[in-house]
Amino acid sequence: MSSSVIQLECQCNNYPWGKKGSSSLAAKYAAATPGGHSKLDEPKEYAEQWMGTYPTTPSLVLATGEDLQKHINSNEEKLIGKAILDKFGANLPYLPKILSIAKALPLQIHPDKGLAAKLHKKDPEKFGDANHKPEIAIQQLFTAIPILKSRFTKSSETHFNGETLKEVVGKILSASDEEIVELYESLKKTEVKDFGKHTYIPELLPRLAEQYDKSDQGNLVALLTMNYLVLQKGDAIYVPAELTIDNGIHAYLSGDIVECMARSDNVLNTGFCPRADRDSIELFTAALTFSPKDADEALLKPKKSDKGLKGHTQVLAPPLSEFDMLITKLKGEETETIKALQGPAILIVTGGKGKMRAEGKEHEVKEGYVFFIGYNTEIELAAESGLEAHIAFAEA
């Protein structure tokens, strides 16, 4: 009989925007796995550590090296539970990650299910699945700076709705390198007071230009049509991927984050990446929607969760069925019992150390350790000197 608590070895990918070597949290977490095969290479970029069963970067059962999905397939009902099997099948419906960001990610949106299915059918190598990809990120807004109004909108236009913003983005992306450089230089000469409350624009403009060149259209799209949000530790944001809600253009700029999304790797990119990697402007803008709102409205607020029986657990519950995220924080030698979840879970230790008890066994837990927790399995977490864990899970 297979255990329902399985320690995992999780791999990193090496996108050029990732942090290098030991400065990357993703790399440090991968290297923390006891007996794992990950070795830190200081000059190398480590962008994302993936946890789960997505086939391009699958997690492995640490004890045996077996692909986690293959292991689940031989124990489906015990590890996944019948309700999740009936709803999603044996594949985990979510994909947790650790992202370590040294420079801006490509400007991106995620296709909804309808568009994802069409793109997957047309180009299955580029779009590897037919699923949508809602995640935790941010929705955007246009800034009415005179030079931009004169260049990209009608002089009589005073209100910028979703269609206006989509048109502005299309015009910026279609502009020549020479036009973008001219606008960049004009913005550099603009007085700070003319940016109103958006004083971050002149601060970020040279930083982004240094990363991707001042001719990159992404500089203007990011700074002039998107909200800028600084997240503190514990803050979370949600980016939908449905045209009936909002399909939010977003780009992380720097930092280390825990991210979770529906099981998909579909993305439409433009800006902050080589031209050869960019999707067509027409496809990108057709999939893009805007719902102008304050940046704070993108924040996903944690709530106290009844899954933690001793009161040390909160939940982030985005409006989708594929996953929720529990966050357990323990001080000193506190303990928490997570009641048996009615679906599969991935537990990531994101701080401290201690013990985890389940099925009559005890497991050592330290920052960077990752575990699969099977259906209907109660766990107890006991801190030695503080402990933090993020737990992605699905219930039908």
# chains A, B, ... in the order shown; residues from 1 in each chain; ligands from 1
$ residues_around --residues "Ala345 of chain A" --least-positions-apart "3" --cutoff "6 Å" --atoms "only C-alpha atoms" --output "list in words"
Phe372, Ile373, Ala392 and Phe393 of chain A
$ closest_residue --among "A:Val181, A:Val5, A:Leu316, A:Leu220" --to "Gly271 of chain A" --atoms "only C-alpha atoms"
A:Leu220
$ select_by_dssp --residues "segment 280-343 of chain A" --states "helix (DSSP H, G or I)" --output "PyMOL selection string"
chain A and resi 281-287+295-298
$ residues_around --residues "Cys273 of chain A" --least-positions-apart "5" --cutoff "8 Å" --atoms "only C-alpha atoms" --output "list in words"
Leu105, Pro106, Tyr212 and Arg278 of chain A
$ atom_distance --atom1 "atom CA of Thr270 of chain A" --atom2 "atom CA of Leu107 of chain A"
5.4 Å
$ residues_around --residues "Lys28 of chain A" --least-positions-apart "3" --cutoff "10 Å" --atoms "only C-alpha atoms" --output "mmCIF file with N, CA, C and O atoms, in the first residue's frame"
data_model
loop_
_atom_site.group_PDB
_atom_site.id
_atom_site.type_symbol
_atom_site.label_atom_id
_atom_site.label_comp_id
_atom_site.auth_asym_id
_atom_site.auth_seq_id
_atom_site.Cartn_x
_atom_site.Cartn_y
_atom_site.Cartn_z
ATOM 1 N N GLY A 21 22.368 31.549 -9.321
ATOM 2 C CA GLY A 21 22.975 30.762 -8.252
ATOM 3 C C GLY A 21 22.233 30.801 -6.937
ATOM 4 O O GLY A 21 21.012 30.690 -6.883
ATOM 5 N N SER A 22 22.986 30.996 -5.856
ATOM 6 C CA SER A 22 22.406 30.951 -4.513
ATOM 7 C C SER A 22 21.563 32.165 -4.173
ATOM 8 O O SER A 22 20.913 32.194 -3.122
ATOM 9 N N SER A 23 21.541 33.188 -5.053
ATOM 10 C CA SER A 23 20.624 34.307 -4.821
ATOM 11 C C SER A 23 19.199 33.946 -5.207
ATOM 12 O O SER A 23 18.257 34.669 -4.877
ATOM 13 N N SER A 24 19.024 32.814 -5.898
ATOM 14 C CA SER A 24 17.699 32.366 -6.333
ATOM 15 C C SER A 24 17.058 31.486 -5.274
ATOM 16 O O SER A 24 17.601 30.435 -4.904
ATOM 17 N N LEU A 25 15.894 31.889 -4.785
ATOM 18 C CA LEU A 25 15.167 31.073 -3.816
ATOM 19 C C LEU A 25 14.746 29.754 -4.450
ATOM 20 O O LEU A 25 14.777 28.704 -3.800
ATOM 21 N N ALA A 31 17.941 22.758 -4.168
ATOM 22 C CA ALA A 31 19.165 22.185 -3.607
ATOM 23 C C ALA A 31 18.978 21.704 -2.174
ATOM 24 O O ALA A 31 19.780 20.908 -1.674
ATOM 25 N N ALA A 32 17.915 22.186 -1.494
ATOM 26 C CA ALA A 32 17.685 21.806 -0.100
ATOM 27 C C ALA A 32 17.178 20.381 0.045
ATOM 28 O O ALA A 32 17.263 19.796 1.130
ATOM 29 N N THR A 33 16.659 19.809 -1.021
ATOM 30 C CA THR A 33 16.085 18.463 -0.958
ATOM 31 C C THR A 33 17.162 17.456 -0.564
ATOM 32 O O THR A 33 18.168 17.311 -1.268
ATOM 33 N N SER A 38 19.934 18.150 -7.441
ATOM 34 C CA SER A 38 20.138 19.539 -7.848
ATOM 35 C C SER A 38 21.415 20.099 -7.216
ATOM 36 O O SER A 38 21.603 20.027 -5.999
ATOM 37 N N LYS A 39 22.280 20.649 -8.056
ATOM 38 C CA LYS A 39 23.511 21.280 -7.592
ATOM 39 C C LYS A 39 23.536 22.728 -8.065
ATOM 40 O O LYS A 39 23.264 23.017 -9.227
ATOM 41 N N LEU A 40 23.871 23.633 -7.173
ATOM 42 C CA LEU A 40 23.889 25.054 -7.506
ATOM 43 C C LEU A 40 25.088 25.397 -8.380
ATOM 44 O O LEU A 40 26.224 25.035 -8.067
ATOM 45 N N TYR A 46 18.354 30.655 -12.340
ATOM 46 C CA TYR A 46 17.332 29.717 -11.875
ATOM 47 C C TYR A 46 16.039 30.512 -11.679
ATOM 48 O O TYR A 46 15.910 31.278 -10.723
ATOM 49 N N GLN A 49 10.972 26.991 -9.866
ATOM 50 C CA GLN A 49 10.929 25.607 -9.400
ATOM 51 C C GLN A 49 9.473 25.156 -9.479
ATOM 52 O O GLN A 49 8.592 25.799 -8.910
ATOM 53 N N GLU A 367 12.841 24.361 5.516
ATOM 54 C CA GLU A 367 12.595 25.270 4.402
ATOM 55 C C GLU A 367 13.141 24.683 3.110
ATOM 56 O O GLU A 367 14.295 24.259 3.033
ATOM 57 N N GLY A 368 12.286 24.640 2.092
ATOM 58 C CA GLY A 368 12.659 24.094 0.794
ATOM 59 C C GLY A 368 12.156 22.685 0.549
ATOM 60 O O GLY A 368 12.120 22.231 -0.596
#
$ atom_distance --atom1 "atom CA of Thr64 of chain A" --atom2 "atom CA of Leu8 of chain A"
9.8 Å
$ residues_around --residues "Asp177 of chain A" --least-positions-apart "6" --cutoff "9 Å" --atoms "only C-alpha atoms" --output "PDB file with C-alpha atoms, in the first residue's frame"
ATOM      1  CA  LYS A 214      15.062  51.507 -24.583  1.00  0.00           C
ATOM      2  CA  SER A 215      13.576  50.447 -27.941  1.00  0.00           C
ATOM      3  CA  ASP A 216      11.558  47.642 -26.317  1.00  0.00           C
ATOM      4  CA  GLN A 217       7.825  48.374 -26.630  1.00  0.00           C
TER       5      GLN A 217
END
$ residues_around --residues "segment 307-309 of chain A" --least-positions-apart "3" --cutoff "10 Å" --atoms "only C-alpha atoms" --output "VMD selection string"
chain A and resid 304 312 to 315 326 to 328 335 to 341 378 to 380
$ write_last_selection --atoms "N, CA and C atoms" --output "mmCIF file, in the first residue's frame"
data_model
loop_
_atom_site.group_PDB
_atom_site.id
_atom_site.type_symbol
_atom_site.label_atom_id
_atom_site.label_comp_id
_atom_site.auth_asym_id
_atom_site.auth_seq_id
_atom_site.Cartn_x
_atom_site.Cartn_y
_atom_site.Cartn_z
ATOM 1 N N LYS A 304 -9.238 33.327 7.524
ATOM 2 C CA LYS A 304 -9.003 32.232 8.455
ATOM 3 C C LYS A 304 -9.646 30.965 7.905
ATOM 4 N N HIS A 312 -4.014 28.339 13.308
ATOM 5 C CA HIS A 312 -2.783 28.934 12.774
ATOM 6 C C HIS A 312 -2.746 28.938 11.243
ATOM 7 N N THR A 313 -3.880 28.726 10.612
ATOM 8 C CA THR A 313 -3.909 28.545 9.162
ATOM 9 C C THR A 313 -4.907 29.485 8.509
ATOM 10 N N GLN A 314 -4.472 30.116 7.423
ATOM 11 C CA GLN A 314 -5.332 30.947 6.591
ATOM 12 C C GLN A 314 -5.451 30.318 5.208
ATOM 13 N N VAL A 315 -6.429 30.802 4.437
ATOM 14 C CA VAL A 315 -6.632 30.288 3.089
ATOM 15 C C VAL A 315 -6.713 31.434 2.096
ATOM 16 N N LEU A 326 -3.569 27.015 1.277
ATOM 17 C CA LEU A 326 -3.486 27.212 2.722
ATOM 18 C C LEU A 326 -2.111 27.761 3.080
ATOM 19 N N ILE A 327 -2.074 28.635 4.087
ATOM 20 C CA ILE A 327 -0.805 29.149 4.605
ATOM 21 C C ILE A 327 -0.814 28.942 6.116
ATOM 22 N N THR A 328 0.086 28.118 6.587
ATOM 23 C CA THR A 328 0.204 27.834 8.018
ATOM 24 C C THR A 328 1.468 28.500 8.547
ATOM 25 N N THR A 335 2.073 24.060 17.342
ATOM 26 C CA THR A 335 1.658 22.971 16.461
ATOM 27 C C THR A 335 0.355 23.339 15.765
ATOM 28 N N GLU A 336 0.110 22.702 14.638
ATOM 29 C CA GLU A 336 -1.139 22.865 13.896
ATOM 30 C C GLU A 336 -1.538 21.525 13.301
ATOM 31 N N THR A 337 -2.812 21.239 13.350
ATOM 32 C CA THR A 337 -3.352 20.050 12.700
ATOM 33 C C THR A 337 -4.167 20.481 11.499
ATOM 34 N N ILE A 338 -3.794 19.995 10.325
ATOM 35 C CA ILE A 338 -4.549 20.251 9.102
ATOM 36 C C ILE A 338 -5.462 19.054 8.885
ATOM 37 N N LYS A 339 -6.761 19.291 8.955
ATOM 38 C CA LYS A 339 -7.679 18.170 8.843
ATOM 39 C C LYS A 339 -7.618 17.554 7.449
ATOM 40 N N ALA A 340 -8.074 16.323 7.357
ATOM 41 C CA ALA A 340 -7.964 15.563 6.117
ATOM 42 C C ALA A 340 -8.650 16.289 4.971
ATOM 43 N N LEU A 341 -7.852 16.672 3.960
ATOM 44 C CA LEU A 341 -8.392 17.356 2.786
ATOM 45 C C LEU A 341 -9.010 16.331 1.846
ATOM 46 N N GLU A 378 -4.924 13.411 7.247
ATOM 47 C CA GLU A 378 -4.698 14.449 8.260
ATOM 48 C C GLU A 378 -3.211 14.543 8.556
ATOM 49 N N ILE A 379 -2.717 15.776 8.715
ATOM 50 C CA ILE A 379 -1.311 15.971 9.068
ATOM 51 C C ILE A 379 -1.206 16.892 10.274
ATOM 52 N N GLU A 380 -0.181 16.683 11.066
ATOM 53 C CA GLU A 380 0.140 17.581 12.182
ATOM 54 C C GLU A 380 1.515 18.185 11.916
#
$ atom_distance --atom1 "atom CA of Asp277 of chain A" --atom2 "atom CA of Pro124 of chain A"
16.0 Å
$ residues_around --residues "Leu68 of chain A" --least-positions-apart "4" --cutoff "7 Å" --atoms "only C-alpha atoms" --output "MDAnalysis selection string"
chainID A and resid 53 59:61 72
$ closest_residue --among "A:Met226, A:Trp17, A:His71, A:Ile6" --to "Ala295 of chain A" --atoms "only C-alpha atoms"
A:Met226
$ closest_residue --among "A:Arg151, A:Lys331, A:Lys19, A:His250" --to "Thr225 of chain A" --atoms "only C-alpha atoms"
A:His250
$ closest_residue --among "A:Glu259, A:Glu384, A:Glu76, A:Asp324" --to "Lys303 of chain A" --atoms "only C-alpha atoms"
A:Asp324
$ select_by_dssp --residues "segment 39-117 of chain A" --states "strand (DSSP E or B)" --output "list in words"
Glu45, Tyr46, Glu48, Gln49, Trp50, Leu60, Val61, Asp67, Tyr94, Leu95, Pro96, Lys97, Ile98, Leu99, Ser100, Ile101, Gln108 and Ile109 of chain A
$ write_last_selection --atoms "all heavy atoms" --output "compact mmCIF listing (two decimals), in the first residue's frame"
# COMPACT_ATOMS: atom_id res chain seq x y z
N GLU A 45 21.27 31.06 -14.28
CA GLU A 45 19.97 31.61 -13.87
C GLU A 45 19.02 30.47 -13.47
O GLU A 45 18.90 29.47 -14.18
CB GLU A 45 19.31 32.42 -15.00
CG GLU A 45 20.02 33.71 -15.36
CD GLU A 45 21.04 33.54 -16.46
OE1 GLU A 45 21.24 32.39 -16.92
OE2 GLU A 45 21.63 34.56 -16.87
N TYR A 46 18.35 30.66 -12.34
CA TYR A 46 17.33 29.72 -11.87
C TYR A 46 16.04 30.51 -11.68
O TYR A 46 15.91 31.28 -10.72
CB TYR A 46 17.75 29.05 -10.56
CG TYR A 46 18.98 28.18 -10.69
CD1 TYR A 46 20.26 28.71 -10.49
CD2 TYR A 46 18.87 26.84 -11.02
CE1 TYR A 46 21.39 27.92 -10.59
CE2 TYR A 46 20.01 26.03 -11.13
CZ TYR A 46 21.26 26.59 -10.92
OH TYR A 46 22.38 25.79 -11.03
N GLU A 48 12.42 29.33 -12.08
CA GLU A 48 11.22 28.74 -11.49
C GLU A 48 11.51 27.32 -11.02
O GLU A 48 12.18 26.55 -11.70
CB GLU A 48 10.09 28.66 -12.53
CG GLU A 48 9.64 29.99 -13.08
CD GLU A 48 8.52 29.84 -14.11
OE1 GLU A 48 8.35 28.71 -14.67
OE2 GLU A 48 7.83 30.82 -14.39
N GLN A 49 10.97 26.99 -9.87
CA GLN A 49 10.93 25.61 -9.40
C GLN A 49 9.47 25.16 -9.48
O GLN A 49 8.59 25.80 -8.91
CB GLN A 49 11.46 25.49 -7.97
CG GLN A 49 11.50 24.04 -7.47
CD GLN A 49 11.73 23.93 -5.98
OE1 GLN A 49 11.35 24.83 -5.21
NE2 GLN A 49 12.33 22.84 -5.54
N TRP A 50 9.22 24.08 -10.18
CA TRP A 50 7.85 23.58 -10.37
C TRP A 50 7.57 22.41 -9.43
O TRP A 50 8.41 21.53 -9.26
CB TRP A 50 7.64 23.12 -11.80
CG TRP A 50 7.61 24.21 -12.83
CD1 TRP A 50 8.12 25.47 -12.71
CD2 TRP A 50 7.04 24.15 -14.14
NE1 TRP A 50 7.91 26.19 -13.86
CE2 TRP A 50 7.25 25.39 -14.77
CE3 TRP A 50 6.38 23.15 -14.86
CZ2 TRP A 50 6.81 25.66 -16.06
CZ3 TRP A 50 5.95 23.41 -16.15
CH2 TRP A 50 6.16 24.65 -16.74
N LEU A 60 9.48 14.44 -8.91
CA LEU A 60 9.84 13.04 -8.77
C LEU A 60 9.64 12.59 -7.32
O LEU A 60 9.79 13.39 -6.39
CB LEU A 60 11.31 12.81 -9.16
CG LEU A 60 11.74 13.33 -10.53
CD1 LEU A 60 13.24 13.12 -10.71
CD2 LEU A 60 10.96 12.66 -11.65
N VAL A 61 9.28 11.33 -7.13
CA VAL A 61 9.23 10.75 -5.79
C VAL A 61 10.68 10.66 -5.30
O VAL A 61 11.52 9.99 -5.92
CB VAL A 61 8.57 9.36 -5.81
CG1 VAL A 61 8.61 8.73 -4.42
CG2 VAL A 61 7.13 9.47 -6.31
N ASP A 67 8.58 9.29 -11.55
CA ASP A 67 7.74 10.44 -11.90
C ASP A 67 6.49 10.42 -11.03
O ASP A 67 5.80 9.39 -10.92
CB ASP A 67 7.37 10.35 -13.38
CG ASP A 67 6.65 11.58 -13.89
OD1 ASP A 67 5.58 11.91 -13.33
OD2 ASP A 67 7.11 12.20 -14.86
N TYR A 94 -3.64 21.64 -10.58
CA TYR A 94 -2.95 22.90 -10.28
C TYR A 94 -1.45 22.70 -10.42
O TYR A 94 -0.94 21.57 -10.48
CB TYR A 94 -3.29 23.38 -8.87
CG TYR A 94 -3.09 22.31 -7.81
CD1 TYR A 94 -1.84 22.04 -7.30
CD2 TYR A 94 -4.17 21.56 -7.35
CE1 TYR A 94 -1.64 21.05 -6.35
CE2 TYR A 94 -4.00 20.56 -6.39
CZ TYR A 94 -2.73 20.32 -5.91
OH TYR A 94 -2.54 19.33 -4.97
N LEU A 95 -0.73 23.84 -10.46
CA LEU A 95 0.73 23.80 -10.63
C LEU A 95 1.36 24.87 -9.74
O LEU A 95 1.40 26.04 -10.09
CB LEU A 95 1.08 24.06 -12.10
CG LEU A 95 2.57 24.15 -12.47
CD1 LEU A 95 3.30 22.87 -12.11
CD2 LEU A 95 2.72 24.46 -13.97
N PRO A 96 1.86 24.48 -8.56
CA PRO A 96 2.57 25.45 -7.70
C PRO A 96 4.00 25.66 -8.19
O PRO A 96 4.61 24.76 -8.77
CB PRO A 96 2.57 24.77 -6.32
CG PRO A 96 1.71 23.55 -6.45
CD PRO A 96 1.70 23.19 -7.90
N LYS A 97 4.52 26.84 -7.92
CA LYS A 97 5.89 27.18 -8.33
C LYS A 97 6.52 28.11 -7.29
O LYS A 97 5.82 28.82 -6.57
CB LYS A 97 5.90 27.92 -9.67
CG LYS A 97 5.31 27.18 -10.86
CD LYS A 97 5.38 28.06 -12.10
CE LYS A 97 4.78 27.39 -13.32
NZ LYS A 97 4.88 28.25 -14.53
N ILE A 98 7.84 28.13 -7.27
CA ILE A 98 8.62 29.20 -6.65
C ILE A 98 9.26 29.98 -7.79
O ILE A 98 9.95 29.39 -8.63
CB ILE A 98 9.70 28.66 -5.70
CG1 ILE A 98 9.10 27.85 -4.55
CG2 ILE A 98 10.55 29.81 -5.17
CD1 ILE A 98 8.28 28.65 -3.57
N LEU A 99 9.04 31.30 -7.84
CA LEU A 99 9.65 32.14 -8.86
C LEU A 99 10.70 33.03 -8.21
O LEU A 99 10.45 33.63 -7.15
CB LEU A 99 8.60 33.04 -9.54
CG LEU A 99 7.90 32.47 -10.79
CD1 LEU A 99 7.09 31.23 -10.45
CD2 LEU A 99 7.00 33.53 -11.41
N SER A 100 11.87 33.12 -8.83
CA SER A 100 12.94 34.01 -8.37
C SER A 100 13.30 34.93 -9.53
O SER A 100 13.90 34.50 -10.52
CB SER A 100 14.16 33.20 -7.92
OG SER A 100 13.86 32.48 -6.74
N ILE A 101 12.98 36.20 -9.39
CA ILE A 101 12.93 37.13 -10.52
C ILE A 101 14.02 38.19 -10.37
O ILE A 101 13.99 39.01 -9.45
CB ILE A 101 11.54 37.80 -10.59
CG1 ILE A 101 10.45 36.73 -10.65
CG2 ILE A 101 11.45 38.75 -11.76
CD1 ILE A 101 9.14 37.17 -10.04
N GLN A 108 2.77 39.47 -20.49
CA GLN A 108 2.05 38.27 -20.86
C GLN A 108 0.60 38.31 -20.44
O GLN A 108 0.20 39.03 -19.53
CB GLN A 108 2.73 37.04 -20.24
CG GLN A 108 2.83 37.12 -18.71
CD GLN A 108 3.67 35.99 -18.16
OE1 GLN A 108 3.15 35.00 -17.65
NE2 GLN A 108 5.00 36.12 -18.26
N ILE A 109 -0.19 37.52 -21.16
CA ILE A 109 -1.54 37.19 -20.75
C ILE A 109 -1.71 35.69 -20.95
O ILE A 109 -0.94 35.06 -21.67
CB ILE A 109 -2.63 37.96 -21.55
CG1 ILE A 109 -2.46 37.72 -23.05
CG2 ILE A 109 -2.59 39.44 -21.22
CD1 ILE A 109 -3.55 38.39 -23.89
